[in-house]
>>> print(open('upload-v8.pdb').read())   # PDB, C-alpha atoms
ATOM      1  CA  LYS A  10     107.269 135.253  95.026
ATOM      2  CA  TYR A  11     104.052 133.697  93.778
ATOM      3  CA  ASP A  12     102.407 137.086  93.305
ATOM      4  CA  ASP A  13     105.481 138.401  91.458
ATOM      5  CA  ALA A  14     105.599 135.348  89.202
ATOM      6  CA  ARG A  15     101.909 135.580  88.441
ATOM      7  CA  ALA A  16     102.207 139.287  87.675
ATOM      8  CA  LEU A  17     105.015 138.597  85.207
ATOM      9  CA  ALA A  18     103.045 135.801  83.561
ATOM     10  CA  GLY A  19     100.008 138.076  83.400
ATOM     11  CA  GLU A  20     102.069 140.744  81.655
ATOM     12  CA  ALA A  21     103.272 138.240  79.064
ATOM     13  CA  LEU A  22      99.726 137.383  78.019
ATOM     14  CA  PRO A  23      98.669 140.740  76.488
ATOM     15  CA  ALA A  24     102.108 141.051  74.914
ATOM     16  CA  ALA A  25     101.658 137.689  73.212
ATOM     17  CA  ARG A  26      98.176 138.664  72.068
ATOM     18  CA  ALA A  27      99.478 141.948  70.664
ATOM     19  CA  LEU A  28     101.993 140.024  68.602
ATOM     20  CA  GLY A  29      99.246 137.742  67.335
ATOM     21  CA  TYR A  30     101.463 134.718  67.985
ATOM     22  CA  ALA A  31      99.268 131.935  69.328
ATOM     23  CA  PRO A  32     102.066 129.576  70.518
ATOM     24  CA  LEU A  33     103.443 132.321  72.771
ATOM     25  CA  GLU A  34      99.946 133.057  74.077
ATOM     26  CA  ALA A  35      99.537 129.341  74.820
ATOM     27  CA  GLN A  36     102.768 129.328  76.823
ATOM     28  CA  ALA A  37     101.626 132.351  78.833
ATOM     29  CA  TRP A  38      98.277 130.718  79.638
ATOM     30  CA  PHE A  39     100.031 127.472  80.565
ATOM     31  CA  ARG A  40     102.302 129.321  82.967
ATOM     32  CA  LEU A  41      99.339 131.068  84.587
ATOM     33  CA  GLY A  42      97.596 127.711  84.960
ATOM     34  CA  ALA A  43     100.673 126.179  86.565
ATOM     35  CA  LEU A  44     101.016 129.017  89.063
ATOM     36  CA  ASP A  45      97.362 128.736  90.077
ATOM     37  CA  ARG A  46      97.633 124.944  90.301
ATOM     38  CA  ASP A  47     100.606 125.254  92.622
ATOM     39  CA  ARG A  48      98.497 127.417  94.935
ATOM     40  CA  GLY A  49      95.514 125.062  94.829
ATOM     41  CA  ARG A  50      93.350 127.555  92.945
ATOM     42  CA  TRP A  51      91.648 124.906  90.875
ATOM     43  CA  ALA A  52      89.064 126.994  89.031
ATOM     44  CA  ASP A  53      91.694 129.552  88.009
ATOM     45  CA  ALA A  54      94.086 126.775  87.023
ATOM     46  CA  GLU A  55      91.379 125.196  84.891
ATOM     47  CA  ARG A  56      90.808 128.480  83.102
ATOM     48  CA  GLY A  57      94.517 128.901  82.436
ATOM     49  CA  TYR A  58      95.052 125.413  81.096
ATOM     50  CA  ALA A  59      91.849 125.402  79.032
ATOM     51  CA  SER A  60      92.898 128.706  77.472
ATOM     52  CA  ALA A  61      96.325 127.204  76.786
ATOM     53  CA  VAL A  62      94.622 124.320  74.965
ATOM     54  CA  ASP A  63      92.681 126.757  72.776
ATOM     55  CA  ALA A  64      95.701 128.921  71.984
ATOM     56  CA  ALA A  65      97.925 125.906  71.325
ATOM     57  CA  GLU A  66      95.338 124.557  68.897
ATOM     58  CA  ARG A  67      95.299 127.853  67.043
ATOM     59  CA  GLY A  68      99.090 127.871  67.034
ATOM     60  CA  ARG A  69      99.331 124.188  66.008
ATOM     61  CA  ASP A  70     101.455 123.399  69.051
ATOM     62  CA  ASP A  71     100.268 119.876  69.753
ATOM     63  CA  ALA A  72     102.942 119.165  72.373
ATOM     64  CA  LEU A  73     101.846 122.053  74.601
ATOM     65  CA  ARG A  74      98.203 121.312  73.884
ATOM     66  CA  ALA A  75      98.671 117.751  75.154
ATOM     67  CA  ARG A  76     100.508 118.926  78.273
ATOM     68  CA  ALA A  77      97.683 121.311  79.153
ATOM     69  CA  MET A  78      95.072 118.600  78.595
ATOM     70  CA  ILE A  79      96.983 116.241  80.870
ATOM     71  CA  GLU A  80      96.934 118.853  83.630
ATOM     72  CA  LEU A  81      93.192 119.272  83.156
ATOM     73  CA  VAL A  82      92.591 115.552  83.698
ATOM     74  CA  GLU A  83      93.775 115.922  87.283
ATOM     75  CA  ILE A  84      92.539 119.436  88.002
ATOM     76  CA  VAL A  85      89.038 118.911  86.627
ATOM     77  CA  GLY A  86      88.532 115.204  87.244
ATOM     78  CA  HIS A  87      90.451 114.533  90.454
ATOM     79  CA  ARG A  88      90.644 117.879  92.204
ATOM     80  CA  GLN A  89      87.162 119.139  91.332
ATOM     81  CA  SER A  90      85.462 115.716  91.091
ATOM     82  CA  ARG A  91      83.971 116.390  87.660
ATOM     83  CA  LEU A  92      84.566 112.850  86.560
ATOM     84  CA  ALA A  93      83.000 112.940  83.098
ATOM     85  CA  ASP A  94      84.903 116.100  82.199
ATOM     86  CA  GLY A  95      88.137 114.579  83.486
ATOM     87  CA  ALA A  96      87.569 111.472  81.377
ATOM     88  CA  ARG A  97      86.906 113.634  78.330
ATOM     89  CA  TRP A  98      90.191 115.490  78.789
ATOM     90  CA  ALA A  99      92.007 112.165  79.222
ATOM     91  CA  HIS A 100      90.571 110.881  75.947
ATOM     92  CA  GLU A 101      91.474 114.071  74.096
ATOM     93  CA  ALA A 102      94.995 114.063  75.538
ATOM     94  CA  GLU A 103      95.512 110.464  74.433
ATOM     95  CA  THR A 104      94.331 111.354  70.921
ATOM     96  CA  VAL A 105      96.831 114.207  70.650
ATOM     97  CA  LEU A 106      99.646 112.094  72.076
ATOM     98  CA  LEU A 107      98.975 109.425  69.458
ATOM     99  CA  ARG A 108      99.274 112.057  66.744
ATOM    100  CA  ILE A 109     102.668 113.262  67.988
ATOM    101  CA  GLY A 110     104.149 109.819  68.535
ATOM    102  CA  ARG A 111     103.313 109.229  72.215
ATOM    103  CA  PRO A 112     106.385 110.887  73.776
ATOM    104  CA  PRO A 113     107.211 108.870  76.925
ATOM    105  CA  ALA A 114     107.372 111.790  79.364
ATOM    106  CA  GLU A 115     103.890 112.959  78.405
ATOM    107  CA  VAL A 116     102.563 109.385  78.374
ATOM    108  CA  ALA A 117     103.860 108.994  81.939
ATOM    109  CA  ALA A 118     102.243 112.276  82.983
ATOM    110  CA  LEU A 119      98.914 111.245  81.469
ATOM    111  CA  ALA A 120      99.084 107.879  83.224
ATOM    112  CA  MET A 121      99.553 109.647  86.556
ATOM    113  CA  SER A 122      96.723 112.121  86.000
ATOM    114  CA  ARG A 123      94.400 109.400  84.739
ATOM    115  CA  GLY A 124      95.335 107.200  87.701
ATOM    116  CA  LEU A 125      94.299 109.956  90.085
ATOM    117  CA  LEU A 126      91.050 110.407  88.178
ATOM    118  CA  ARG A 127      90.358 106.688  88.497
ATOM    119  CA  LEU A 128      91.149 106.847  92.182
ATOM    120  CA  ARG A 129      88.432 109.495  92.472
ATOM    121  CA  GLU A 130      86.115 107.173  90.526
ATOM    122  CA  ALA A 131      86.960 104.341  92.982
ATOM    123  CA  ARG A 132      88.334 102.267  90.104
ATOM    124  CA  LEU A 133      91.274 101.145  92.187
ATOM    125  CA  ASP A 134      92.601  98.379  89.931
ATOM    126  CA  ASP A 135      92.683 100.737  86.946
ATOM    127  CA  ALA A 136      94.204 103.510  89.058
ATOM    128  CA  GLU A 137      96.976 101.216  90.248
ATOM    129  CA  ARG A 138      97.749 100.069  86.702
ATOM    130  CA  ASP A 139      98.027 103.662  85.523
ATOM    131  CA  LEU A 140     100.246 104.763  88.377
ATOM    132  CA  ARG A 141     102.518 101.740  88.067
ATOM    133  CA  GLU A 142     102.890 102.485  84.367
ATOM    134  CA  SER A 143     103.721 106.115  85.166
ATOM    135  CA  LEU A 144     106.309 104.959  87.696
ATOM    136  CA  ARG A 145     107.799 102.452  85.242
ATOM    137  CA  LEU A 146     108.255 105.092  82.556
ATOM    138  CA  ARG A 147     109.610 107.691  84.937
ATOM    139  CA  GLU A 148     112.141 105.277  86.375
ATOM    140  CA  GLN A 149     113.420 104.870  82.804
ATOM    141  CA  LEU A 150     113.323 108.564  81.919
ATOM    142  CA  LEU A 151     114.268 110.474  85.047
ATOM    143  CA  SER A 152     117.406 110.799  87.090
ATOM    144  CA  PRO A 153     117.303 108.791  90.342
ATOM    145  CA  ASN A 154     117.439 112.068  92.258
ATOM    146  CA  ASP A 155     114.351 113.580  90.611
ATOM    147  CA  PRO A 156     111.780 114.156  93.389
ATOM    148  CA  LEU A 157     108.966 113.441  90.946
ATOM    149  CA  LEU A 158     109.785 109.760  91.392
ATOM    150  CA  GLY A 159     109.064 110.000  95.109
ATOM    151  CA  MET A 160     105.818 111.814  94.500
ATOM    152  CA  THR A 161     104.744 109.167  91.969
ATOM    153  CA  LEU A 162     105.478 106.469  94.540
ATOM    154  CA  ALA A 163     103.425 108.378  97.105
ATOM    155  CA  ASP A 164     100.421 108.612  94.768
ATOM    156  CA  LEU A 165     100.673 104.897  94.101
ATOM    157  CA  ALA A 166     100.758 104.306  97.858
ATOM    158  CA  ILE A 167      97.496 106.253  98.230
ATOM    159  CA  VAL A 168      95.787 103.917  95.772
ATOM    160  CA  VAL A 169      97.166 100.774  97.400
ATOM    161  CA  ASP A 170      96.170 102.054 100.835
ATOM    162  CA  SER A 171      92.667 102.759  99.531
ATOM    163  CA  ALA A 172      92.486  99.108  98.499
ATOM    164  CA  ALA A 173      93.190  98.154 102.139
ATOM    165  CA  ARG A 174      96.575  96.599 101.268
ATOM    166  CA  TYR A 175      98.193  98.288 104.205
ATOM    167  CA  ALA A 176     101.522  96.482 104.324
ATOM    168  CA  ASP A 177     102.080  97.128 100.606
ATOM    169  CA  ALA A 178     101.109 100.770 101.064
ATOM    170  CA  GLY A 179     103.534 101.115 103.955
ATOM    171  CA  ALA A 180     106.362  99.758 101.812
ATOM    172  CA  LEU A 181     105.535 102.226  99.048
ATOM    173  CA  TYR A 182     105.448 105.172 101.448
ATOM    174  CA  HIS A 183     108.853 104.111 102.746
ATOM    175  CA  ARG A 184     110.221 103.948  99.207
ATOM    176  CA  ALA A 185     108.805 107.406  98.527
ATOM    177  CA  TYR A 186     110.417 108.811 101.658
ATOM    178  CA  ASP A 187     113.752 107.146 100.937
ATOM    179  CA  GLN A 188     113.766 108.433  97.357
ATOM    180  CA  LEU A 189     113.051 111.991  98.464
ATOM    181  CA  ALA A 190     115.699 111.762 101.174
ATOM    182  CA  PHE A 191     118.163 110.625  98.503
ATOM    183  CA  ALA A 192     117.031 113.278  96.031
ATOM    184  CA  LEU A 193     116.980 116.214  98.434
ATOM    185  CA  GLY A 194     119.205 115.175 101.318
ATOM    186  CA  ALA A 195     117.933 113.899 104.640
ATOM    187  CA  ASP A 196     118.301 117.337 106.228
ATOM    188  CA  HIS A 197     116.478 119.195 103.466
ATOM    189  CA  PRO A 198     114.073 121.684 105.096
ATOM    190  CA  ARG A 199     111.240 120.504 102.847
ATOM    191  CA  LEU A 200     111.692 116.838 103.745
ATOM    192  CA  ASP A 201     109.093 116.793 106.501
ATOM    193  CA  VAL A 202     105.569 115.468 106.903
ATOM    194  CA  ARG A 203     104.351 117.633 104.049
ATOM    195  CA  CYS A 204     106.701 116.052 101.506
ATOM    196  CA  ILE A 205     104.723 112.831 101.159
ATOM    197  CA  VAL A 206     101.157 113.306 100.051
ATOM    198  CA  GLY A 207      98.571 110.804 101.073
ATOM    199  CA  ASN A 208      97.169 108.796 103.905
ATOM    200  CA  ALA A 209      99.676 107.159 106.201
ATOM    201  CA  GLY A 210      97.062 104.972 107.722
ATOM    202  CA  GLY A 211      98.495 102.066 105.781
ATOM    203  CA  ILE A 212     101.901 102.574 107.321
ATOM    204  CA  ALA A 213     100.524 103.085 110.783
ATOM    205  CA  ARG A 214      98.336  99.991 110.614
ATOM    206  CA  SER A 215     100.908  97.679 109.077
ATOM    207  CA  GLU A 216     103.842  98.815 111.192
ATOM    208  CA  ALA A 217     101.866  98.906 114.396
ATOM    209  CA  ARG A 218     100.992  95.277 113.821
ATOM    210  CA  GLU A 219     104.385  94.129 112.619
ATOM    211  CA  THR A 220     107.071  96.216 114.317
ATOM    212  CA  LYS A 221     105.323  98.680 116.641
ATOM    213  CA  ASN A 222     107.512 101.307 115.001
ATOM    214  CA  VAL A 223     105.363 104.146 113.699
ATOM    215  CA  ASP A 224     107.955 106.894 113.677
ATOM    216  CA  ARG A 225     108.301 106.897 109.914
ATOM    217  CA  ALA A 226     104.551 106.662 109.506
ATOM    218  CA  LEU A 227     104.420 110.341 110.390
ATOM    219  CA  VAL A 228     105.942 111.114 107.019
ATOM    220  CA  GLY A 229     102.687 110.443 105.229
ATOM    221  CA  GLN A 230     100.147 111.690 107.709
ATOM    222  CA  VAL A 231      98.809 114.579 105.616
ATOM    223  CA  LEU A 232      95.728 113.456 103.662
ATOM    224  CA  HIS A 233      95.816 114.163  99.927
ATOM    225  CA  GLU A 234      97.805 117.379 100.281
ATOM    226  CA  ASP A 235      98.610 119.354  97.145
ATOM    227  CA  ARG A 236     101.029 117.053  95.352
ATOM    228  CA  GLN A 237     101.783 119.285  92.405
ATOM    229  CA  ARG A 238     102.502 122.242  94.645
ATOM    230  CA  GLN A 239     104.986 120.147  96.616
ATOM    231  CA  VAL A 240     106.740 119.042  93.408
ATOM    232  CA  ALA A 241     107.132 122.686  92.389
ATOM    233  CA  VAL A 242     108.449 123.674  95.826
ATOM    234  CA  LEU A 243     110.875 120.776  95.998
ATOM    235  CA  GLN A 244     112.330 121.530  92.594
ATOM    236  CA  HIS A 245     113.081 125.180  93.383
TER
END
>>> encode(input="upload-v8.pdb", output="structure tokens")
Amino acid sequence: KYDDARALAGEALPAARALGYAPLEAQAWFRLGALDRDRGRWADAERGYASAVDAAERGRDDALRARAMIELVEIVGHRQSRLADGARWAHEAETVLLRIGRPPAEVAALAMSRGLLRLREARLDDAERDLRESLRLREQLLSPNDPLLGMTLADLAIVVDSAARYADAGALYHRAYDQLAFALGADHPRLDVRCIVGNAGGIARSEARETKNVDRALVGQVLHEDRQRQVAVLQH
């Protein structure tokens, strides 16, 4: 299915170019970037999103331009550890969002991407502030059964665990699991150890000390697995 989707998106790109309509070209590049991101192909995803930024600028589509920049904060800064480049994309995304009135959904997305960048920079206090802000906005904007809430909680748990606050991290992982179980159903085939991204060491350490019950700790045992790919899978 991925190959078919990418082929279709690839076909849309020359068609958009032939029409000379930059906003449509930007959408095609954005879709290609998203497909490559979902497969963990970070360099290809970067190319797609960066091309979307360029085409959206030519087409004066600031909303799509900001969305592509937000993706680049995580892909370049967090995933590829190019911290200065990630910070530059974050600054540019914030500038565009200010110009278009700081729409809350995009502000929440930027806060998440910037939080992950700051996690990579080992700026844990700043990372936690960003991710809590992303969670706060998404709790206001999204339906309670949107799995993105659970994934935001899981990213926040990673940061808290990295700060060695293991009991707090365990509680956040549990909230993430419970939200995904509510959103998807407890018997959903995707609700397994791959659904929660991050390090379950916090759960294992805190629960082993407090209750000796580590069964649910298994939910988060995969280290920093591809969060965005899981969101895409869970929503389809």
>>> closest_residue(input="upload-v8.pdb", among="A:Asp53, A:Asp177, A:Glu148, A:Asp63", to="Gln36 in chain A", atoms="all atoms listed in the file")
A:Asp63
>>> residues_around(input="upload-v8.pdb", residues="Arg91 in chain A", least_positions_apart="5", cutoff="12 Å", atoms="all atoms listed in the file", output="compact mmCIF listing (two decimals) with C-alpha atoms, in the coordinates of the input")
# COMPACT_ATOMS: atom_id res chain seq x y z
CA TRP A 51 91.65 124.91 90.88
CA ALA A 52 89.06 126.99 89.03
CA GLU A 55 91.38 125.20 84.89
CA LEU A 81 93.19 119.27 83.16
CA VAL A 82 92.59 115.55 83.70
CA GLU A 83 93.78 115.92 87.28
CA ILE A 84 92.54 119.44 88.00
CA VAL A 85 89.04 118.91 86.63
CA GLY A 86 88.53 115.20 87.24
CA ALA A 96 87.57 111.47 81.38
CA ARG A 97 86.91 113.63 78.33
CA TRP A 98 90.19 115.49 78.79
CA LEU A 126 91.05 110.41 88.18
CA ARG A 127 90.36 106.69 88.50
CA ARG A 129 88.43 109.50 92.47
CA GLU A 130 86.12 107.17 90.53
>>> resolve_selection(input="upload-v8.pdb", expression="the PyMOL selection byres ((chain A and resi 117) around 10)", output="number ranges by chain")
A: 111-116, 118-123, 139-147, 150
>>> resolve_selection(input="upload-v8.pdb", expression="the PyMOL selection byres ((chain A and resi 54) around 9)", output="list in words")
Phe39, Leu41, Gly42, Ala43, Leu44, Asp45, Arg46, Asp47, Gly49, Arg50, Trp51, Ala52, Asp53, Glu55, Arg56, Gly57, Tyr58, Ala59, Leu81 and Ile84 of chain A
>>> atom_distance(input="upload-v8.pdb", atom1="CA of Gln89 in chain A", atom2="CA of Leu165 in chain A")
19.8 Å
>>> atom_distance(input="upload-v8.pdb", atom1="CA of Thr161 in chain A", atom2="CA of Ala185 in chain A")
7.9 Å
>>> residues_around(input="upload-v8.pdb", residues="Arg76 in chain A", least_positions_apart="4", cutoff="8 Å", atoms="all atoms listed in the file", output="list in words")
Ala72, Glu80, Ala102 and Glu115 of chain A
>>> write_last_selection(input="upload-v8.pdb", atoms="C-alpha atoms", output="short mmCIF file (atom, residue, chain, number, x, y, z; two decimals), keeping the file's coordinate frame")
data_model
loop_
_atom_site.label_atom_id
_atom_site.label_comp_id
_atom_site.auth_asym_id
_atom_site.auth_seq_id
_atom_site.Cartn_x
_atom_site.Cartn_y
_atom_site.Cartn_z
CA ALA A 72 102.94 119.16 72.37
CA GLU A 80 96.93 118.85 83.63
CA ALA A 102 95.00 114.06 75.54
CA GLU A 115 103.89 112.96 78.40
#
>>> residues_around(input="upload-v8.pdb", residues="range 131-138 of chain A", least_positions_apart="6", cutoff="7 Å", atoms="all atoms listed in the file", output="list in words")
Gly124, Leu125, Leu165, Val168 and Ala172 of chain A
>>> atom_distance(input="upload-v8.pdb", atom1="CA of Met78 in chain A", atom2="CA of Pro32 in chain A")
15.3 Å
>>> closest_residue(input="upload-v8.pdb", among="A:Ala173, A:Glu101, A:Trp38, A:Ile109", to="Ala65 in chain A", atoms="only C-alpha atoms")
A:Trp38
>>> closest_residue(input="upload-v8.pdb", among="A:Ala176, A:Ala192, A:Arg184, A:Leu128", to="Ser152 in chain A", atoms="all atoms listed in the file")
A:Ala192
>>> resolve_selection(input="upload-v8.pdb", expression="the PyMOL selection byres ((chain A and resi 64) around 7)", output="list in words")
Ala31, Pro32, Glu34, Ala35, Ser60, Ala61, Val62, Asp63, Ala65, Glu66, Arg67 and Gly68 of chain A
